[in-house]
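Pasting work_7.cif here (mmCIF, C-alpha atoms):
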data_entry
#
loop_
_atom_site.label_atom_id
_atom_site.label_comp_id
_atom_site.auth_asym_id
_atom_site.auth_seq_id
_atom_site.Cartn_x
_atom_site.Cartn_y
_atom_site.Cartn_z
CA MET A 1 3.04 -24.62 -42.45
CA SER A 2 0.67 -23.57 -39.76
CA THR A 3 3.11 -24.71 -37.09
CA SER A 4 5.91 -22.76 -38.68
CA ASN A 5 3.80 -19.64 -38.93
CA ASP A 6 2.67 -20.04 -35.33
CA ALA A 7 6.25 -20.44 -34.20
CA SER A 8 7.23 -17.39 -36.18
CA ALA A 9 4.38 -15.42 -34.74
CA SER A 10 5.25 -16.67 -31.31
CA GLY A 11 8.82 -15.53 -31.81
CA GLN A 12 7.59 -12.11 -32.84
CA VAL A 13 5.42 -11.88 -29.76
CA LEU A 14 8.11 -13.05 -27.39
CA ARG A 15 10.88 -10.88 -28.78
CA PRO A 16 9.72 -7.59 -27.24
CA SER A 17 9.30 -9.23 -23.82
CA LEU A 18 12.99 -10.10 -23.88
CA GLN A 19 14.10 -6.50 -24.30
CA PRO A 20 14.36 -5.72 -20.56
CA ASP A 21 16.87 -8.56 -20.23
CA VAL A 22 19.39 -6.79 -22.46
CA LYS A 23 19.33 -3.53 -20.51
CA PRO A 24 22.75 -2.58 -19.11
CA THR A 25 23.60 -3.19 -15.48
CA VAL A 26 23.64 0.13 -13.59
CA TYR A 27 26.57 -0.49 -11.27
CA LYS A 28 26.55 2.95 -9.63
CA ILE A 29 23.02 2.35 -8.35
CA LEU A 30 23.84 -1.20 -7.25
CA LEU A 31 26.87 0.03 -5.34
CA ALA A 32 24.86 2.87 -3.79
CA ILE A 33 22.02 0.60 -2.64
CA SER A 34 24.57 -1.93 -1.36
CA LEU A 35 26.25 0.87 0.62
CA VAL A 36 22.94 1.84 2.22
CA HIS A 37 22.30 -1.85 2.91
CA LEU A 38 25.62 -1.87 4.76
CA PHE A 39 24.50 1.21 6.75
CA ASN A 40 21.10 -0.30 7.55
CA ASP A 41 22.43 -3.66 8.68
CA THR A 42 25.35 -2.11 10.56
CA ILE A 43 22.82 -0.19 12.63
CA GLN A 44 20.76 -3.35 13.11
CA ALA A 45 23.95 -5.09 14.23
CA ILE A 46 24.23 -2.56 17.05
CA VAL A 47 21.48 -4.42 18.89
CA PRO A 48 23.18 -7.83 19.31
CA ALA A 49 26.54 -6.06 19.68
CA ILE A 50 25.35 -3.96 22.62
CA LEU A 51 23.21 -6.75 24.08
CA PRO A 52 25.84 -8.01 26.59
CA ILE A 53 26.17 -4.43 27.90
CA PHE A 54 22.41 -4.09 28.35
CA LYS A 55 22.31 -7.55 29.94
CA ASP A 56 24.84 -6.50 32.60
CA SER A 57 23.71 -2.91 33.20
CA MET A 58 19.97 -3.69 33.29
CA ARG A 59 20.35 -7.19 34.77
CA LEU A 60 18.44 -8.91 31.96
CA THR A 61 17.74 -12.63 31.67
CA TYR A 62 18.57 -14.59 28.52
CA MET A 63 14.85 -14.47 27.69
CA GLN A 64 14.71 -10.69 28.00
CA SER A 65 17.83 -10.42 25.86
CA GLY A 66 16.15 -12.58 23.25
CA ILE A 67 13.02 -10.38 23.35
CA ILE A 68 15.11 -7.33 22.44
CA VAL A 69 16.32 -9.12 19.31
CA PHE A 70 12.77 -10.36 18.74
CA ALA A 71 11.36 -6.81 18.89
CA LEU A 72 13.88 -5.65 16.29
CA ASN A 73 13.62 -8.52 13.85
CA MET A 74 9.93 -9.32 14.18
CA THR A 75 8.98 -5.71 13.43
CA SER A 76 11.09 -5.91 10.31
CA SER A 77 9.73 -9.30 9.25
CA VAL A 78 6.04 -8.46 9.76
CA MET A 79 6.20 -5.14 7.93
CA GLN A 80 8.46 -6.11 5.02
CA PRO A 81 5.83 -8.14 3.09
CA VAL A 82 3.26 -5.38 3.78
CA VAL A 83 5.59 -2.72 2.34
CA GLY A 84 6.44 -5.03 -0.56
CA MET A 85 2.78 -5.64 -1.49
CA PHE A 86 2.02 -1.93 -1.28
CA ALA A 87 5.01 -1.05 -3.47
CA ASP A 88 4.11 -3.70 -6.08
CA ARG A 89 0.79 -1.89 -6.52
CA ARG A 90 2.12 1.64 -6.12
CA PRO A 91 5.93 2.05 -6.16
CA THR A 92 6.89 5.04 -3.97
CA PRO A 93 10.55 6.14 -4.25
CA ILE A 94 10.33 8.70 -1.42
CA ILE A 95 9.73 5.88 1.05
CA LEU A 96 13.47 5.01 0.91
CA PRO A 97 14.79 8.13 2.73
CA ILE A 98 11.72 8.09 5.04
CA GLY A 99 12.59 4.57 6.17
CA MET A 100 16.14 5.61 7.01
CA GLY A 101 14.65 8.48 9.02
CA PHE A 102 12.93 5.93 11.30
CA THR A 103 16.30 4.20 11.69
CA PHE A 104 17.95 7.50 12.67
CA LEU A 105 15.39 8.06 15.44
CA GLY A 106 15.76 4.47 16.65
CA VAL A 107 19.54 4.53 16.96
CA LEU A 108 19.38 7.90 18.74
CA GLY A 109 16.94 6.41 21.24
CA LEU A 110 19.10 3.33 21.69
CA ALA A 111 22.06 5.46 22.74
CA LEU A 112 20.03 7.40 25.30
CA ALA A 113 17.46 4.85 26.58
CA PRO A 114 17.55 4.71 30.42
CA ASN A 115 15.56 1.49 30.82
CA TYR A 116 14.51 -1.79 29.20
CA TRP A 117 11.19 -0.49 27.80
CA LEU A 118 12.74 2.46 25.98
CA VAL A 119 15.33 0.10 24.53
CA LEU A 120 12.44 -1.95 23.13
CA LEU A 121 10.81 1.18 21.65
CA SER A 122 14.10 2.18 20.03
CA VAL A 123 14.66 -1.21 18.42
CA LEU A 124 11.06 -1.14 17.14
CA LEU A 125 11.90 2.07 15.24
CA ILE A 126 15.08 0.51 13.85
CA GLY A 127 13.07 -2.56 12.81
CA LEU A 128 10.46 -0.38 11.09
CA GLY A 129 13.17 1.46 9.16
CA SER A 130 14.63 -1.85 8.04
CA ALA A 131 11.17 -3.11 7.01
CA VAL A 132 10.71 -0.11 4.75
CA PHE A 133 14.21 -0.40 3.31
CA HIS A 134 14.56 -4.05 2.31
CA PRO A 135 11.72 -4.75 -0.17
CA GLU A 136 12.11 -1.42 -1.96
CA ALA A 137 15.90 -1.68 -2.02
CA SER A 138 15.62 -5.19 -3.46
CA ARG A 139 13.34 -3.76 -6.16
CA VAL A 140 15.94 -1.09 -6.95
CA ALA A 141 18.62 -3.81 -7.23
CA ASN A 142 16.33 -5.73 -9.61
CA MET A 143 15.74 -2.61 -11.72
CA ALA A 144 19.45 -1.82 -11.93
CA ALA A 145 20.43 -5.44 -12.64
CA GLY A 146 19.88 -5.51 -16.39
CA SER A 147 20.57 -9.10 -17.47
CA ARG A 148 22.73 -9.93 -14.43
CA ARG A 149 20.15 -10.47 -11.71
CA GLY A 150 22.18 -12.99 -9.71
CA LEU A 151 25.22 -10.73 -9.59
CA ALA A 152 23.08 -7.68 -8.83
CA GLN A 153 21.38 -9.37 -5.89
CA SER A 154 24.77 -10.52 -4.60
CA ILE A 155 26.14 -6.97 -4.74
CA PHE A 156 23.07 -5.73 -2.88
CA GLN A 157 23.07 -8.45 -0.24
CA VAL A 158 26.81 -8.37 0.44
CA GLY A 159 26.38 -4.85 1.75
CA GLY A 160 23.94 -6.12 4.37
CA ASN A 161 26.04 -9.10 5.39
CA SER A 162 29.12 -6.90 5.63
CA GLY A 163 27.19 -4.61 7.95
CA GLN A 164 26.11 -7.54 10.10
CA SER A 165 29.71 -8.72 10.37
CA LEU A 166 30.67 -5.43 12.01
CA ALA A 167 28.73 -6.21 15.20
CA SER A 168 31.64 -7.91 16.93
CA VAL A 169 34.09 -5.22 15.85
CA MET A 170 31.79 -2.54 17.22
CA THR A 171 31.61 -4.38 20.53
CA ALA A 172 35.38 -4.41 20.82
CA LEU A 173 36.12 -0.89 19.49
CA VAL A 174 33.02 1.13 20.41
CA PHE A 175 30.78 -0.44 23.04
CA ALA A 176 33.42 -2.03 25.26
CA PRO A 177 35.19 1.32 25.92
CA LEU A 178 32.18 3.68 25.57
CA GLY A 179 29.22 1.56 26.65
CA GLN A 180 25.66 2.32 25.57
CA ILE A 181 26.36 5.94 24.61
CA GLY A 182 28.70 4.70 21.89
CA ALA A 183 25.61 4.06 19.75
CA ILE A 184 25.29 7.84 19.30
CA TRP A 185 28.01 7.74 16.63
CA PHE A 186 25.77 5.69 14.39
CA THR A 187 23.32 8.57 14.02
CA LEU A 188 25.94 9.96 11.60
CA VAL A 189 25.76 6.73 9.60
CA ALA A 190 21.96 6.97 9.46
CA ALA A 191 22.10 10.64 8.43
CA PHE A 192 24.43 9.87 5.52
CA GLY A 193 22.14 6.95 4.61
CA ILE A 194 19.20 9.38 4.32
CA PHE A 195 21.22 11.49 1.87
CA VAL A 196 22.21 8.51 -0.32
CA GLN A 197 18.64 7.17 -0.26
CA GLY A 198 17.43 10.51 -1.57
CA ARG A 199 19.73 10.21 -4.59
CA ILE A 200 18.63 6.62 -5.21
CA ALA A 201 14.97 7.65 -4.94
CA LYS A 202 15.50 10.19 -7.72
CA TRP A 203 16.89 7.51 -10.06
CA TYR A 204 14.11 5.13 -9.00
CA GLY A 205 11.44 7.71 -9.94
CA ASN A 206 13.01 8.29 -13.36
CA TYR A 207 13.14 4.54 -13.98
CA LEU A 208 9.45 4.15 -13.14
CA ARG A 209 8.44 6.90 -15.54
CA THR A 210 10.29 5.30 -18.45
CA ASN A 211 9.27 1.68 -17.73
CA GLU A 212 5.65 2.00 -16.56
CA LEU A 213 4.17 -0.07 -19.42
CA ALA A 214 6.44 -3.07 -18.80
CA ARG A 215 5.64 -2.94 -15.07
CA LYS A 216 1.89 -3.03 -15.73
CA LYS A 217 2.27 -6.01 -18.08
CA ASN A 218 4.19 -7.98 -15.43
CA ALA A 219 1.59 -7.13 -12.79
CA ALA A 220 -1.20 -8.39 -15.08
CA ARG A 221 0.35 -11.83 -15.62
CA THR A 222 -2.02 -14.75 -14.82
CA ILE A 223 -1.14 -18.23 -13.51
CA SER A 224 -3.16 -21.44 -13.88
CA PRO A 225 -4.62 -22.99 -10.67
CA GLU A 226 -2.44 -26.11 -11.05
CA ARG A 227 0.72 -24.07 -11.48
CA LYS A 228 -0.30 -21.82 -8.60
CA LYS A 229 -0.58 -24.85 -6.31
CA LYS A 230 2.94 -25.98 -7.23
CA ILE A 231 4.33 -22.48 -6.72
CA THR A 232 2.59 -22.19 -3.33
CA PHE A 233 4.12 -25.48 -2.17
CA ALA A 234 7.57 -24.35 -3.35
CA ILE A 235 7.25 -21.01 -1.52
CA TYR A 236 6.27 -22.75 1.73
CA MET A 237 9.19 -25.16 1.37
CA LEU A 238 11.58 -22.29 0.68
CA ILE A 239 10.28 -20.49 3.78
CA PHE A 240 10.87 -23.60 5.88
CA LEU A 241 14.47 -23.79 4.64
CA VAL A 242 14.94 -20.10 5.46
CA PHE A 243 13.55 -21.00 8.90
CA ALA A 244 16.25 -23.66 9.42
CA ARG A 245 19.02 -21.37 8.20
CA SER A 246 17.83 -18.44 10.34
CA TRP A 247 17.58 -20.47 13.55
CA TYR A 248 21.08 -21.81 13.06
CA GLN A 249 22.28 -18.29 12.30
CA SER A 250 20.68 -16.97 15.51
CA GLY A 251 22.29 -19.72 17.57
CA ILE A 252 25.73 -18.82 16.25
CA THR A 253 25.60 -15.02 16.15
CA ILE A 254 23.66 -14.38 19.38
CA TYR A 255 24.42 -17.21 21.80
CA TYR A 256 27.66 -18.83 20.64
CA PRO A 257 29.75 -15.95 22.10
CA PHE A 258 28.27 -16.80 25.54
CA TYR A 259 29.16 -20.45 24.89
CA LEU A 260 32.76 -19.52 24.08
CA MET A 261 33.03 -17.42 27.24
CA ASP A 262 31.53 -20.17 29.42
CA LYS A 263 33.47 -23.07 27.92
CA PHE A 264 36.89 -21.50 27.33
CA GLY A 265 36.82 -18.54 29.73
CA ILE A 266 37.69 -16.02 27.01
CA SER A 267 36.69 -12.35 27.18
CA LEU A 268 33.69 -10.83 25.42
CA ASP A 269 35.76 -8.93 22.85
CA LYS A 270 37.69 -12.07 21.89
CA ALA A 271 34.48 -14.12 21.68
CA GLN A 272 32.99 -11.49 19.38
CA MET A 273 35.99 -11.78 17.06
CA TYR A 274 34.91 -15.36 16.31
CA ILE A 275 31.51 -14.05 15.25
CA PHE A 276 33.07 -11.24 13.22
CA LEU A 277 35.10 -13.73 11.18
CA TYR A 278 32.04 -15.98 10.77
CA ALA A 279 29.99 -13.03 9.49
CA ALA A 280 32.84 -11.67 7.34
CA ALA A 281 33.24 -15.08 5.68
CA GLY A 282 29.46 -15.04 5.23
CA ALA A 283 29.69 -11.70 3.42
CA VAL A 284 32.21 -13.20 1.00
CA GLY A 285 29.94 -16.22 0.56
CA THR A 286 26.98 -13.95 -0.14
CA PHE A 287 28.89 -12.14 -2.87
CA MET A 288 30.11 -15.39 -4.45
CA GLY A 289 26.70 -17.05 -4.23
CA GLY A 290 25.18 -15.23 -7.20
CA PRO A 291 27.93 -16.06 -9.73
CA LEU A 292 28.19 -19.64 -8.39
CA SER A 293 24.44 -20.15 -8.77
CA ASP A 294 24.65 -18.89 -12.37
CA LYS A 295 27.20 -21.64 -13.04
CA PHE A 296 25.85 -24.54 -10.97
CA GLY A 297 22.15 -23.69 -10.59
CA ARG A 298 20.21 -21.87 -7.88
CA ARG A 299 18.54 -24.91 -6.34
CA ASN A 300 21.87 -26.74 -6.23
CA LEU A 301 23.47 -23.85 -4.37
CA LEU A 302 20.57 -23.71 -1.90
CA MET A 303 21.14 -27.39 -1.14
CA PHE A 304 24.91 -27.00 -0.84
CA SER A 305 24.65 -24.06 1.55
CA LEU A 306 22.81 -26.15 4.13
CA LEU A 307 24.12 -29.68 3.60
CA GLY A 308 27.64 -28.37 3.09
CA THR A 309 27.39 -26.67 6.47
CA ALA A 310 26.04 -29.74 8.29
CA PRO A 311 29.21 -31.84 8.93
CA LEU A 312 31.17 -28.97 10.48
CA ALA A 313 28.10 -27.71 12.34
CA LEU A 314 27.76 -31.09 14.05
CA ILE A 315 31.42 -30.98 15.11
CA LEU A 316 31.40 -27.35 16.33
CA PRO A 317 30.00 -27.91 19.87
CA TYR A 318 32.84 -30.35 20.60
CA ALA A 319 35.66 -28.33 18.98
CA ASN A 320 38.38 -26.58 20.97
CA ALA A 321 38.98 -22.82 20.70
CA PHE A 322 41.26 -23.11 17.67
CA TRP A 323 39.09 -25.47 15.61
CA ALA A 324 35.95 -23.53 16.50
CA PHE A 325 37.59 -20.53 14.82
CA VAL A 326 38.32 -22.56 11.66
CA ILE A 327 34.85 -24.17 11.53
CA LEU A 328 33.06 -20.83 11.90
CA LEU A 329 35.14 -19.39 9.06
CA PHE A 330 34.14 -22.17 6.64
CA ASN A 331 30.54 -22.40 7.79
CA GLY A 332 29.98 -18.64 7.49
CA PHE A 333 31.06 -18.78 3.84
CA ILE A 334 29.06 -21.91 2.97
CA LEU A 335 25.83 -21.14 4.83
CA LEU A 336 25.43 -17.57 3.60
CA SER A 337 26.37 -18.35 0.01
CA SER A 338 22.64 -18.93 -0.53
CA PHE A 339 21.45 -15.64 1.00
CA SER A 340 21.14 -13.66 -2.22
CA VAL A 341 20.29 -16.79 -4.24
CA THR A 342 17.21 -17.44 -2.06
CA VAL A 343 15.76 -14.05 -3.02
CA VAL A 344 16.41 -14.51 -6.76
CA TYR A 345 15.00 -18.04 -6.67
CA ALA A 346 11.82 -16.73 -5.00
CA GLN A 347 11.55 -13.94 -7.58
CA ASP A 348 11.77 -16.59 -10.32
CA LEU A 349 8.93 -18.47 -8.67
CA ILE A 350 6.66 -15.40 -8.72
CA PRO A 351 7.76 -13.02 -11.51
CA GLY A 352 6.38 -9.50 -11.41
CA LYS A 353 6.01 -9.42 -7.60
CA VAL A 354 9.52 -8.31 -6.69
CA GLY A 355 8.56 -6.29 -3.62
CA THR A 356 6.18 -8.88 -2.17
CA VAL A 357 8.56 -11.79 -2.69
CA SER A 358 11.63 -9.91 -1.48
CA GLY A 359 9.79 -8.69 1.60
CA LEU A 360 8.46 -12.16 2.31
CA VAL A 361 11.74 -14.05 1.96
CA THR A 362 14.09 -11.43 3.43
CA GLY A 363 11.57 -10.46 6.09
CA LEU A 364 11.08 -14.05 7.14
CA ALA A 365 14.83 -14.47 7.39
CA PHE A 366 14.81 -11.74 10.04
CA GLY A 367 11.54 -12.78 11.64
CA LEU A 368 12.31 -16.45 11.97
CA GLY A 369 15.72 -15.51 13.31
CA ALA A 370 13.91 -13.39 15.88
CA LEU A 371 11.71 -16.31 16.91
CA GLY A 372 14.86 -18.38 17.11
CA ALA A 373 16.48 -15.80 19.39
CA VAL A 374 13.57 -15.93 21.82
CA GLY A 375 13.06 -19.69 21.57
CA LEU A 376 16.71 -20.53 22.01
CA GLY A 377 17.04 -18.03 24.86
CA GLY A 378 14.13 -19.68 26.65
CA LEU A 379 15.62 -23.14 26.14
CA ILE A 380 18.98 -21.97 27.49
CA ASP A 381 17.29 -20.55 30.61
CA LYS A 382 15.42 -23.83 31.12
CA PHE A 383 18.08 -26.35 30.16
CA ASP A 384 21.72 -25.66 29.39
CA LEU A 385 23.68 -23.53 26.95
CA GLY A 386 25.83 -26.46 25.79
CA PHE A 387 22.78 -28.68 25.19
CA VAL A 388 21.08 -26.04 23.04
CA MET A 389 24.24 -25.49 20.96
CA GLN A 390 24.36 -29.22 20.30
CA ALA A 391 20.67 -29.28 19.27
CA VAL A 392 21.10 -26.31 16.92
CA SER A 393 23.91 -28.11 15.10
CA PHE A 394 21.39 -30.53 13.54
CA LEU A 395 19.38 -27.82 11.73
CA PRO A 396 21.51 -27.69 8.53
CA LEU A 397 20.62 -31.34 7.85
CA LEU A 398 17.19 -30.08 6.79
CA GLY A 399 18.88 -28.94 3.58
CA VAL A 400 17.98 -32.34 2.08
CA LEU A 401 14.46 -30.92 1.63
CA THR A 402 15.71 -28.69 -1.20
CA LEU A 403 15.19 -31.77 -3.40
CA LEU A 404 11.46 -30.99 -3.15
CA LEU A 405 11.91 -27.57 -4.78
CA PRO A 406 11.42 -27.12 -8.55
CA SER A 407 14.67 -27.30 -10.49
CA ASP A 408 16.09 -24.34 -12.36
CA LYS A 409 15.05 -26.02 -15.60
CA THR A 410 11.46 -26.28 -14.37
CA LEU A 411 11.37 -22.62 -13.37
CA LYS A 412 12.63 -21.61 -16.81
CA ALA A 413 9.93 -23.75 -18.45
CA TRP A 414 7.28 -22.06 -16.28
CA ALA A 415 8.62 -18.61 -17.20
CA ASP A 416 8.36 -19.59 -20.90
CA GLY A 417 4.72 -20.58 -20.38
CA GLN A 418 5.25 -24.34 -20.66
#
Starting from the file, lay out its structure as structure tokens.
Amino acid sequence: MSTSNDASASGQVLRPSLQPDVKPTVYKILLAISLVHLFNDTIQAIVPAILPIFKDSMRLTYMQSGIIVFALNMTSSVMQPVVGMFADRRPTPIILPIGMGFTFLGVLGLALAPNYWLVLLSVLLIGLGSAVFHPEASRVANMAAGSRRGLAQSIFQVGGNSGQSLASVMTALVFAPLGQIGAIWFTLVAAFGIFVQGRIAKWYGNYLRTNELARKKNAARTISPERKKKITFAIYMLIFLVFARSWYQSGITIYYPFYLMDKFGISLDKAQMYIFLYAAAGAVGTFMGGPLSDKFGRRNLLMFSLLGTAPLALILPYANAFWAFVILLFNGFILLSSFSVTVVYAQDLIPGKVGTVSGLVTGLAFGLGALGAVGLGGLIDKFDLGFVMQAVSFLPLLGVLTLLLPSDKTLKAWADGQ
């Protein structure tokens, strides 16, 4: 009798906590934040897109080229968790349009910078704008998700990956004919982004006012020391897997165009088309990742995205121009299918810390990619471009380590207090 009463009481206690899960999905906000994500990452994509032009006009080494990418991505990665932790304690909607304001100043500077050091300053501003945007935008996507968190994160992330895929197109259509000054057009993109962010911030503020009690309850949640140790191990393992994915991504998106030009003698604009199709396929994979993880499990999709990439990645350095095109198309889809899933999986590991977790995981994806850009650039200067491309192809094999992550069933049990 006592057990039955306890169960009944437990059911009564748990029922209110489930109410947020049945809230409707606010698609107009998801589409708006995804659009701004496209703007933000399109502007970030200017940097690798214009890099060959800077390399020629300013006579940069591969290492210096890598440092430009490092300055952009490391600024974003270092500041994202800081912004996320601050926002978990004190959500601040107005920070969204302010962040895009930094991006506006950065892209203006990039178009007009006369030397290497001002280019670095400009990309630092773009990186800061991105750092402000990502954790808070991920929080907005989580708020607007209702009961469809996987789909919501996919909608949000596909905007970013679509923006990244435009880098090669911009090289061919904007920077090849116009050069550095072509970046000036993207100040219009940033300006429109500021306007949209202002509208999103208004909705964000209204949401906070009507859901303050639930937010405080999530923030007050306690975790046992034993569980905390398991969660900490899982977070570190997830970060390491993001590390492997980001380094491989840097090798393909930044240095593989140079490899194509060296090996096959093709022009820069044609080499960038390979990367555009890789990134475009990745955008499709990002969108599909959420629904696929709902069906097959998040940890399973994380494993598939790396191990599924591995066989073709190992073949890529030896493929001819045609098969390289085909391999990049498949690998872009498979590898980036886990991009949005990684964020949702991390949020499941640490519920109630959406900003911190999103900033940590997404920020590290940029930051570790930045380290990869510098590290790989240094290795290419010291050794050989072909050798480094061959070495990078082994990174997806690290996907076997996803077996050490808690299963979806385990995460659900933890969320239920078991």
Practice task
Can you work out which one of A:Thr232, A:Ser138, A:Ser34, A:Asn300 has the shortest atom-to-atom distance to A:Ala87, counting all atoms listed in the file?
Solution key: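 Checking each candidate against A:Ala87, we get A:Ser138 as the closest.
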Exercise for the section: Please write the residues picked by the PyMOL selection byres ((chain A and resi 336) around 12) on this file as a PyMOL selection string. Expected result: chain A and resi 154+157-158+160-162+164-165+242+245-246+248-249+278-290+301-306+308-309+328-335+337-342+365+396
Handout entry: stretch 317-320 of chain A surroundings by all atoms listed in the file, 10 Å radius, close-in-sequence under 6 positions cut, as a PyMOL selection string
Key = chain A and resi 256+259-260+263-264+326-327+386-393
Practice task
Identify, on the basis of only C-alpha atoms, every residue whose closest approach to A:Leu404 does not exceed 12 Å; exclude the query and any residue fewer than 5 positions from it along the same chain; express the result as a list in words.
Solution key: Lys230, Ile231, Phe233, Ala234, Ile235, Tyr236, Met237, Leu238, Phe240, Leu241, Arg299, Asn300, Leu302, Met303, Leu398 and Gly399 of chain A
Problem - Nearest-residue call for A:Trp414, choices A:Thr253, A:Ser77, A:Ser224, A:Ser358, using all atoms listed in the file - result: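 Using all atoms listed in the file, A:Trp414 sits closest to A:Ser224.
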Practice task
Compile the contact shell of A:Ile53 as a PyMOL selection string: residues with an atom at most 8 Å away, counting only C-alpha atoms, same-chain residues fewer than 3 positions apart removed.
Solution key: chain A and resi 50+56-57+175+179-180
Problem - Nearest residue to A:Leu128 from the set A:Thr410, A:Ser76, A:Thr92, A:Asn206 (distances using all atoms listed in the file) - result: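 Ranked by minimum distance to A:Leu128, first place goes to A:Ser76.
Candidate residues A:Leu403, A:Leu120, A:Ile275, A:Leu316 were compared for distance to A:Val169, and the nearest is A:Ile275, using all atoms listed in the file.
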Output of the PyMOL selection byres ((chain A and resi 115) around 12), listed as an mmCIF file with C-alpha atoms, keeping the file's coordinate frame:
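Result saved to expr.cif:
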data_model
loop_
_atom_site.group_PDB
_atom_site.id
_atom_site.type_symbol
_atom_site.label_atom_id
_atom_site.label_comp_id
_atom_site.auth_asym_id
_atom_site.auth_seq_id
_atom_site.Cartn_x
_atom_site.Cartn_y
_atom_site.Cartn_z
ATOM 1 C CA PHE A 54 22.410 -4.090 28.350
ATOM 2 C CA LYS A 55 22.310 -7.550 29.940
ATOM 3 C CA SER A 57 23.710 -2.910 33.200
ATOM 4 C CA MET A 58 19.970 -3.690 33.290
ATOM 5 C CA ARG A 59 20.350 -7.190 34.770
ATOM 6 C CA LEU A 60 18.440 -8.910 31.960
ATOM 7 C CA GLY A 109 16.940 6.410 21.240
ATOM 8 C CA LEU A 110 19.100 3.330 21.690
ATOM 9 C CA ALA A 111 22.060 5.460 22.740
ATOM 10 C CA LEU A 112 20.030 7.400 25.300
ATOM 11 C CA ALA A 113 17.460 4.850 26.580
ATOM 12 C CA PRO A 114 17.550 4.710 30.420
ATOM 13 C CA TYR A 116 14.510 -1.790 29.200
ATOM 14 C CA TRP A 117 11.190 -0.490 27.800
ATOM 15 C CA LEU A 118 12.740 2.460 25.980
ATOM 16 C CA VAL A 119 15.330 0.100 24.530
ATOM 17 C CA LEU A 120 12.440 -1.950 23.130
ATOM 18 C CA LEU A 121 10.810 1.180 21.650
ATOM 19 C CA SER A 122 14.100 2.180 20.030
ATOM 20 C CA GLN A 180 25.660 2.320 25.570
#
Practice task
Using the chain letters and numbers from the file, give me the residues hit by the PyMOL selection byres ((chain A and resi 408) around 9), as number ranges by chain.
Solution key: A: 297-300, 345, 406-407, 409-413
Practice task
Enter the distance from atom CA of A:Gly150 to atom CA of A:Leu292, in Å, rounded to one decimal.
Solution key: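 Spanning atom CA of A:Gly150 to atom CA of A:Leu292 is a straight-line distance of 9.1 Å.
Nearest residue to A:Phe276, choosing from A:Ile315, A:Leu105, A:Leu166, A:Ile46 and counting only C-alpha atoms: A:Leu166.
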Practice task
Using all atoms listed in the file, find the one residue out of A:Ala321, A:Leu124, A:Leu312, A:Ile95 that sits nearest to A:Gly205.
Solution key: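 Smallest distance to A:Gly205 is found for A:Ile95.
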Exercise for the section: Mind checking which residues fall within 8 Å of A:Val374, counting only C-alpha atoms, ignoring those fewer than 2 positions away in the same chain, and posting them as a ChimeraX atom specification? Expected result: /A:63,66-67,69-70,370-372,376-378
